[in-house]
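S.K.: Provided below: final.tsv, containing TSV, C-alpha atoms and all ligand atoms.
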chain	number	residue	atom	x	y	z
A	1	ALA	CA	0.00	0.00	0.00
A	2	VAL	CA	1.11	3.57	-0.69
A	3	GLN	CA	2.27	5.37	2.47
A	4	LEU	CA	2.92	9.12	2.17
A	5	ARG	CA	2.66	10.32	5.79
A	6	GLY	CA	5.29	12.94	6.59
A	7	ARG	CA	6.31	13.56	2.97
A	8	ASP	CA	6.63	17.03	1.43
A	9	PHE	CA	4.63	17.80	-1.74
A	10	ILE	CA	7.00	20.06	-3.64
A	11	GLY	CA	7.07	18.55	-7.10
A	12	LEU	CA	5.62	15.55	-8.93
A	13	VAL	CA	9.24	14.72	-9.74
A	14	ASP	CA	9.57	13.38	-6.16
A	15	TYR	CA	6.55	11.09	-6.49
A	16	ALA	CA	6.44	7.63	-8.07
A	17	PRO	CA	3.78	6.95	-10.73
A	18	GLU	CA	1.81	4.71	-8.35
A	19	GLU	CA	1.90	7.42	-5.66
A	20	ILE	CA	0.45	9.99	-8.08
A	21	GLN	CA	-2.17	7.48	-9.20
A	22	TYR	CA	-3.01	6.81	-5.55
A	23	LEU	CA	-3.52	10.55	-4.90
A	24	ILE	CA	-5.79	10.87	-7.94
A	25	GLU	CA	-7.89	7.88	-6.84
A	26	LEU	CA	-8.07	9.31	-3.32
A	27	ALA	CA	-9.15	12.70	-4.71
A	28	VAL	CA	-11.94	11.03	-6.69
A	29	GLU	CA	-13.05	9.15	-3.56
A	30	LEU	CA	-12.97	12.26	-1.34
A	31	LYS	CA	-15.00	14.11	-3.98
A	32	ARG	CA	-17.59	11.31	-3.96
A	33	LYS	CA	-17.75	11.33	-0.15
A	34	HIS	CA	-18.16	15.10	-0.07
A	35	LYS	CA	-20.96	15.08	-2.65
A	36	ALA	CA	-22.71	12.27	-0.75
A	37	GLY	CA	-22.56	14.34	2.43
A	38	GLU	CA	-20.32	11.80	4.19
A	39	ALA	CA	-18.03	13.52	6.66
A	40	TYR	CA	-14.35	12.51	6.52
A	41	GLN	CA	-12.30	14.26	9.18
A	42	PRO	CA	-8.91	12.60	9.63
A	43	LEU	CA	-7.19	15.93	10.37
A	44	LYS	CA	-9.14	16.94	13.49
A	45	GLY	CA	-7.01	19.19	15.67
A	46	LYS	CA	-4.42	19.79	12.91
A	47	THR	CA	-3.45	23.17	11.51
A	48	LEU	CA	-2.02	24.15	8.12
A	49	GLY	CA	-0.17	27.46	7.71
A	50	MET	CA	-0.46	29.03	4.25
A	51	ILE	CA	2.27	31.51	3.31
A	52	PHE	CA	1.44	33.69	0.30
A	53	GLU	CA	3.99	35.92	-1.46
A	54	LYS	CA	1.73	36.16	-4.55
A	55	SER	CA	-2.00	36.64	-5.12
A	56	SER	CA	-4.44	33.74	-5.18
A	57	THR	CA	-8.11	32.96	-5.47
A	58	ARG	CA	-8.30	29.18	-6.02
A	59	THR	CA	-5.28	28.04	-4.04
A	60	ARG	CA	-6.09	30.01	-0.95
A	61	VAL	CA	-9.79	29.17	-0.84
A	62	SER	CA	-9.44	25.50	-1.80
A	63	PHE	CA	-6.73	24.85	0.81
A	64	GLU	CA	-8.63	26.69	3.52
A	65	VAL	CA	-11.95	25.00	2.75
A	66	GLY	CA	-10.25	21.63	2.22
A	67	MET	CA	-8.55	21.76	5.59
A	68	TYR	CA	-11.86	22.71	7.22
A	69	GLN	CA	-13.68	19.81	5.54
A	70	LEU	CA	-10.98	17.40	6.74
A	71	GLY	CA	-11.63	18.52	10.31
A	72	GLY	CA	-8.59	20.78	10.59
A	73	HIS	CA	-7.89	24.48	10.47
A	74	ALA	CA	-5.94	26.70	8.05
A	75	LEU	CA	-4.16	29.99	8.68
A	76	PHE	CA	-3.62	32.59	5.95
A	77	LEU	CA	-0.16	34.14	6.35
A	78	SER	CA	0.61	36.99	4.00
A	79	LYS	CA	4.27	37.70	3.43
A	80	ASN	CA	3.78	41.34	4.31
A	81	ASP	CA	2.41	40.47	7.73
A	82	LEU	CA	5.04	37.87	8.53
A	83	GLN	CA	8.49	38.86	9.76
A	84	ILE	CA	9.92	37.38	6.52
A	85	GLY	CA	8.65	40.61	4.98
A	86	ARG	CA	11.11	42.43	7.26
A	87	GLY	CA	13.99	40.07	6.62
A	88	GLU	CA	13.60	37.17	9.07
A	89	SER	CA	15.20	34.14	7.43
A	90	ILE	CA	13.32	31.28	5.83
A	91	HIS	CA	15.21	28.96	8.15
A	92	ASP	CA	14.06	30.63	11.37
A	93	THR	CA	10.53	31.02	10.02
A	94	ALA	CA	10.38	27.32	9.14
A	95	GLN	CA	11.72	26.24	12.53
A	96	THR	CA	9.33	28.51	14.40
A	97	LEU	CA	6.23	27.62	12.38
A	98	SER	CA	7.03	23.91	12.76
A	99	ARG	CA	6.51	24.31	16.52
A	100	TYR	CA	2.89	25.41	15.96
A	101	LEU	CA	1.72	23.86	12.72
A	102	ASP	CA	1.23	20.38	11.30
A	103	GLY	CA	1.97	21.46	7.74
A	104	ILE	CA	2.99	24.51	5.71
A	105	MET	CA	1.76	25.47	2.25
A	106	ILE	CA	3.74	28.19	0.49
A	107	ARG	CA	3.23	30.19	-2.72
A	108	THR	CA	6.34	32.12	-3.65
A	109	PHE	CA	8.64	33.28	-6.44
A	110	ALA	CA	11.95	31.39	-6.28
A	111	HIS	CA	11.57	27.61	-6.13
A	112	ARG	CA	14.63	27.40	-3.85
A	113	THR	CA	12.64	29.25	-1.17
A	114	VAL	CA	10.32	26.22	-0.93
A	115	ILE	CA	13.28	23.83	-0.87
A	116	GLU	CA	14.92	25.87	1.90
A	117	LEU	CA	11.70	26.02	3.86
A	118	ALA	CA	11.20	22.27	3.56
A	119	ARG	CA	14.78	21.58	4.63
A	120	ALA	CA	14.42	23.66	7.79
A	121	ALA	CA	10.84	22.68	8.63
A	122	THR	CA	10.06	19.57	10.65
A	123	VAL	CA	6.51	19.36	9.26
A	124	PRO	CA	5.46	18.58	5.65
A	125	VAL	CA	5.72	21.45	3.14
A	126	ILE	CA	3.37	21.84	0.16
A	127	ASN	CA	4.26	23.86	-2.95
A	128	GLY	CA	1.32	26.16	-3.74
A	129	LEU	CA	3.11	27.53	-6.86
A	130	THR	CA	6.59	28.85	-7.56
A	131	ASP	CA	8.14	30.34	-10.69
A	132	LEU	CA	9.22	26.78	-11.54
A	133	SER	CA	6.19	24.63	-10.83
A	134	HIS	CA	2.57	24.24	-9.76
A	135	PRO	CA	2.10	20.58	-8.78
A	136	CYS	CA	-1.23	20.99	-6.96
A	137	GLN	CA	-2.79	22.35	-10.14
A	138	ALA	CA	-1.32	19.56	-12.27
A	139	LEU	CA	-2.60	16.90	-9.86
A	140	ALA	CA	-6.11	18.37	-9.98
A	141	ASP	CA	-5.86	18.60	-13.78
A	142	TYR	CA	-4.95	14.92	-14.21
A	143	GLN	CA	-7.83	14.08	-11.88
A	144	THR	CA	-10.10	16.11	-14.18
A	145	ILE	CA	-8.82	14.41	-17.33
A	146	TYR	CA	-9.15	11.00	-15.68
A	147	GLU	CA	-12.75	11.73	-14.68
A	148	LYS	CA	-13.69	13.03	-18.12
A	149	LYS	CA	-11.86	10.47	-20.26
A	150	GLY	CA	-11.91	7.43	-17.96
A	151	ARG	CA	-8.16	6.90	-18.36
A	152	LEU	CA	-4.85	8.71	-18.64
A	153	GLN	CA	-2.32	6.40	-20.22
A	154	GLY	CA	-2.01	6.88	-23.96
A	155	LEU	CA	-3.94	10.14	-24.14
A	156	LYS	CA	-2.39	13.20	-25.80
A	157	VAL	CA	-2.22	16.58	-24.07
A	158	ALA	CA	-1.16	19.65	-26.06
A	159	TYR	CA	0.06	22.77	-24.27
A	160	ILE	CA	0.19	26.03	-26.22
A	161	GLY	CA	1.90	29.15	-24.91
A	162	ASP	CA	4.48	30.09	-22.32
A	163	GLY	CA	7.01	27.50	-21.10
A	164	ASN	CA	6.20	28.33	-17.50
A	165	ASN	CA	5.54	26.77	-14.08
A	166	MET	CA	2.26	25.28	-15.33
A	167	VAL	CA	3.69	23.41	-18.28
A	168	HIS	CA	6.57	22.11	-16.13
A	169	SER	CA	4.19	20.43	-13.70
A	170	LEU	CA	1.87	19.20	-16.44
A	171	LEU	CA	4.84	17.71	-18.30
A	172	MET	CA	6.10	15.96	-15.18
A	173	GLY	CA	2.63	14.57	-14.43
A	174	ALA	CA	2.28	13.32	-18.01
A	175	ALA	CA	5.71	11.73	-17.95
A	176	LYS	CA	4.90	9.83	-14.75
A	177	LEU	CA	1.38	8.84	-15.80
A	178	GLY	CA	2.15	7.72	-19.34
A	179	VAL	CA	0.38	10.61	-21.05
A	180	ASN	CA	1.80	11.81	-24.38
A	181	PHE	CA	2.58	15.51	-24.26
A	182	ALA	CA	3.18	18.12	-26.95
A	183	VAL	CA	4.29	21.69	-26.26
A	184	ALA	CA	4.29	24.63	-28.68
A	185	THR	CA	5.97	27.83	-27.55
A	186	PRO	CA	7.53	30.76	-29.37
A	187	ALA	CA	11.34	30.72	-29.56
A	188	GLY	CA	12.82	31.93	-26.30
A	189	TYR	CA	9.87	30.78	-24.19
A	190	GLU	CA	10.55	27.04	-24.12
A	191	PRO	CA	10.19	24.98	-20.94
A	192	ASP	CA	13.24	24.73	-18.65
A	193	GLU	CA	15.88	22.36	-20.07
A	194	GLU	CA	16.61	20.55	-16.83
A	195	VAL	CA	12.89	19.96	-16.22
A	196	LEU	CA	12.54	18.66	-19.78
A	197	ARG	CA	15.47	16.29	-19.28
A	198	GLN	CA	13.89	14.85	-16.13
A	199	CYS	CA	10.50	14.55	-17.82
A	200	LYS	CA	11.96	12.74	-20.81
A	201	GLU	CA	13.62	10.26	-18.47
A	202	SER	CA	10.32	9.47	-16.72
A	203	ALA	CA	8.36	9.47	-19.97
A	204	ALA	CA	10.70	6.86	-21.44
A	205	LYS	CA	10.03	4.58	-18.46
A	206	ALA	CA	6.27	5.09	-18.81
A	207	GLY	CA	6.36	4.60	-22.57
A	208	ALA	CA	5.08	8.13	-23.27
A	209	THR	CA	6.31	10.67	-25.78
A	210	ILE	CA	7.21	14.34	-25.34
A	211	TYR	CA	7.28	16.75	-28.26
A	212	VAL	CA	8.53	20.32	-27.92
A	213	GLY	CA	8.31	22.67	-30.88
A	214	ALA	CA	7.12	26.02	-32.14
A	215	ASP	CA	4.10	24.99	-34.23
A	216	PRO	CA	0.75	25.07	-32.39
A	217	LYS	CA	-1.01	23.10	-35.14
A	218	GLU	CA	1.49	20.29	-34.96
A	219	ALA	CA	1.20	20.19	-31.16
A	220	VAL	CA	-2.60	20.18	-31.22
A	221	ALA	CA	-2.87	17.50	-33.95
A	222	ASP	CA	-5.15	14.72	-32.72
A	223	ALA	CA	-4.94	15.92	-29.10
A	224	ASP	CA	-7.38	14.76	-26.41
A	225	VAL	CA	-6.68	17.86	-24.32
A	226	ILE	CA	-5.64	21.40	-25.22
A	227	TYR	CA	-4.19	23.39	-22.35
A	228	THR	CA	-3.05	26.98	-22.18
A	229	ASP	CA	-2.06	29.53	-19.54
A	230	VAL	CA	-1.47	33.27	-19.37
A	231	TRP	CA	1.34	34.75	-21.46
A	232	ALA	CA	2.72	36.76	-18.54
A	233	SER	CA	2.73	34.91	-15.23
A	234	MET	CA	2.78	36.54	-11.81
A	235	GLY	CA	6.10	38.36	-11.47
A	236	PHE	CA	6.37	38.92	-15.25
A	237	GLU	CA	3.76	41.66	-15.58
A	238	ALA	CA	6.37	44.17	-16.83
A	239	GLU	CA	6.87	41.98	-19.94
A	240	GLN	CA	3.16	41.96	-20.85
A	241	LYS	CA	3.53	44.12	-23.99
A	242	GLU	CA	6.51	42.30	-25.50
A	243	ARG	CA	4.89	38.97	-24.69
A	244	GLU	CA	1.66	39.93	-26.46
A	245	ILE	CA	3.78	40.36	-29.58
A	246	ALA	CA	5.81	37.17	-29.13
A	247	PHE	CA	2.70	35.04	-28.46
A	248	LYS	CA	0.31	36.55	-31.00
A	249	ASN	CA	0.21	33.34	-33.09
A	250	TYR	CA	-0.29	31.16	-30.03
A	251	GLN	CA	-3.90	31.84	-29.20
A	252	VAL	CA	-6.14	28.81	-28.65
A	253	ASN	CA	-9.14	29.64	-30.83
A	254	ASP	CA	-11.74	27.98	-33.06
A	255	GLU	CA	-9.30	27.76	-35.94
A	256	LEU	CA	-6.62	25.95	-33.90
A	257	VAL	CA	-8.88	23.51	-32.05
A	258	LYS	CA	-10.05	22.07	-35.41
A	259	TYR	CA	-6.80	20.08	-35.45
A	260	ALA	CA	-7.60	18.29	-32.18
A	261	LYS	CA	-9.90	15.31	-31.63
A	262	LYS	CA	-13.59	16.28	-31.84
A	263	ASP	CA	-14.18	15.53	-28.17
A	264	PHE	CA	-11.08	17.40	-26.95
A	265	LEU	CA	-11.11	19.04	-23.52
A	266	PHE	CA	-10.09	22.66	-23.24
A	267	MET	CA	-8.21	23.34	-20.01
A	268	HIS	CA	-6.78	26.41	-18.29
A	269	CYS	CA	-5.57	26.71	-14.70
A	270	LEU	CA	-7.11	30.21	-14.39
A	271	PRO	CA	-7.03	33.15	-14.00
A	272	ALA	CA	-7.44	33.62	-17.79
A	273	HIS	CA	-7.09	36.55	-20.15
A	274	ARG	CA	-9.94	36.06	-22.63
A	275	GLY	CA	-8.94	37.26	-26.10
A	276	GLU	CA	-5.23	36.72	-25.41
A	277	GLU	CA	-4.11	33.12	-24.83
A	278	VAL	CA	-7.62	31.82	-25.53
A	279	SER	CA	-10.63	33.11	-27.47
A	280	GLU	CA	-13.94	33.59	-25.67
A	281	GLY	CA	-15.51	31.05	-27.99
A	282	VAL	CA	-13.18	28.29	-26.80
A	283	ILE	CA	-12.92	29.05	-23.10
A	284	ASP	CA	-16.67	29.48	-22.76
A	285	GLY	CA	-17.49	26.76	-25.29
A	286	PRO	CA	-18.82	23.21	-24.80
A	287	ASN	CA	-15.37	21.57	-24.60
A	288	SER	CA	-14.15	23.77	-21.77
A	289	VAL	CA	-13.74	22.13	-18.33
A	290	ILE	CA	-12.11	25.06	-16.55
A	291	PHE	CA	-14.44	25.11	-13.56
A	292	ASP	CA	-14.17	21.34	-13.07
A	293	GLN	CA	-10.43	21.91	-12.87
A	294	ALA	CA	-10.94	24.69	-10.34
A	295	GLU	CA	-13.26	22.49	-8.28
A	296	ASN	CA	-10.82	19.59	-8.33
A	297	ARG	CA	-8.18	21.75	-6.67
A	298	LEU	CA	-10.26	21.23	-3.53
A	299	HIS	CA	-10.51	17.46	-3.85
A	300	ALA	CA	-6.94	16.86	-5.04
A	301	GLN	CA	-5.42	18.97	-2.26
A	302	LYS	CA	-7.62	17.26	0.33
A	303	ALA	CA	-6.11	14.00	-0.93
A	304	VAL	CA	-2.59	15.41	-0.57
A	305	MET	CA	-3.25	16.76	2.92
A	306	ALA	CA	-5.05	13.61	4.12
A	307	ALA	CA	-2.13	11.55	2.82
A	308	ILE	CA	0.88	13.52	4.10
A	309	LEU	CA	-0.27	15.42	7.21
B	1	LIG	N1	-4.89	28.24	-10.62
B	1	LIG	C1	-4.51	28.86	-9.49
B	1	LIG	O1	-3.58	28.46	-8.80
B	1	LIG	O2	-5.28	29.95	-9.16
B	1	LIG	P1	-5.00	31.04	-8.04
B	1	LIG	O3	-3.83	31.86	-8.49
B	1	LIG	O4	-6.26	31.82	-7.97
B	1	LIG	O5	-4.69	30.34	-6.74
B	2	LIG	N1	1.44	30.64	-14.73
B	2	LIG	C1	0.52	31.35	-13.86
B	2	LIG	C2	-0.33	30.39	-13.11
B	2	LIG	C3	-1.30	31.01	-12.15
B	2	LIG	C4	-2.08	29.99	-11.38
B	2	LIG	C5	1.30	32.24	-12.92
B	2	LIG	O1	2.33	31.79	-12.40
B	2	LIG	O2	0.92	33.39	-12.73
If you took the structure in this file and wrote it as structure tokens, what would it be?
M.R.:
Amino acid sequence: AVQLRGRDFIGLVDYAPEEIQYLIELAVELKRKHKAGEAYQPLKGKTLGMIFEKSSTRTRVSFEVGMYQLGGHALFLSKNDLQIGRGESIHDTAQTLSRYLDGIMIRTFAHRTVIELARAATVPVINGLTDLSHPCQALADYQTIYEKKGRLQGLKVAYIGDGNNMVHSLLMGAAKLGVNFAVATPAGYEPDEEVLRQCKESAAKAGATIYVGADPKEAVADADVIYTDVWASMGFEAEQKEREIAFKNYQVNDELVKYAKKDFLFMHCLPAHRGEEVSEGVIDGPNSVIFDQAENRLHAQKAVMAAIL
């Protein structure tokens, strides 16, 4: 049986395929229980601290509500209100918070901040998004695909747009789960090379393929899922104008989705910029599952917390 108690959840890279599958199955089961009105409160008396150095709607609310539904309690800790905002070290913050809390979720800029926090903390640490990755979103997304398609292995996901945190986690999830993955980005905005190397290694073991190129049509060809994300992520707002130019041929719209399978799913982690990375017709169209994705953040993160805390 899969045993995850005490583990950090920093990247899917640290999780074996069967552990990721286990979390997805658990998320589906916790969703069923919740909808049936069956209480499941394994975290009674436990507290999760949530450190935010960036904005959030979904992550904050789904973690807070999820912890509540599991019988525990969550604390919102904004960077500006913590002493980290005035220069207290990550190390001392991690050591101190570990004396009060049973787990720490953090959303921050540099990925190494999460690594440092996890090293110094004596309680599990969860990555709620960094500039490098967003594993909670990817886990919820594979849950969504699994629910909609009934399987994962052998499907094709196409990601169009910026080679950012989102595509890194989606790639890693695909590589572990045996999902074929195609990425199309403009030159200069490709996914991180080291992440790609790791993903290719896992994909080879799972018998999945990874394609990275510049042609959206080629990426989308015969895809089961089309995924996109904003062109300028949090922290890159100053590049908005130049990115609009670089990405102008990378919009997911009615013309592009013609190349995918008829029953393709359109996915986006949200928040979205309608009319930029995706047309209104597609994001609000019949193939879009964006709010199922958003909902599954709750169930997937409950699975993670129930498993590790
Ligand atoms: N998708 C996502 O993480 O949304 P928030 O930024 O609202 O948390
Ligand atoms: N890539 C986006 C995802 C937001 C959930 C960002 O980092 O801003």
S.K.: Have a look at CA of Tyr259 in chain A and CA of Gly188 in chain A and let me know their distance in Å, one decimal.
M.R.: 24.7 Å
S.K.: Find, counting all atoms listed in the file, the residue in A:Val167, A:Leu4, A:Ile290, A:Val230 that gets nearest to Ala306 in chain A.
M.R.: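 Going through A:Val167, A:Leu4, A:Ile290, A:Val230 one by one, the smallest distance to Ala306 in chain A is for A:Leu4.
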S.K.: Would you mind listing what lies within 12 Å of Leu177 in chain A as a PyMOL selection string, with all atoms listed in the file counted and same-chain residues fewer than 3 positions away left out?
M.R.: chain A and resi 12-13+15-22+24+138-139+142-143+145-146+151-157+170-174+180-181+199+202-209
S.K.: Rank nothing, just name the residue among A:Phe63, A:Tyr189, A:Phe266, A:Phe247 nearest to ligand LIG 1 (chain B), using all atoms listed in the file.
M.R.: A:Phe63
S.K.: Using only C-alpha atoms and all ligand atoms, find the one residue out of A:Leu82, A:Ala110, A:Ala187, A:Leu97 that sits nearest to ligand LIG 2 (chain B).
M.R.: A:Ala110
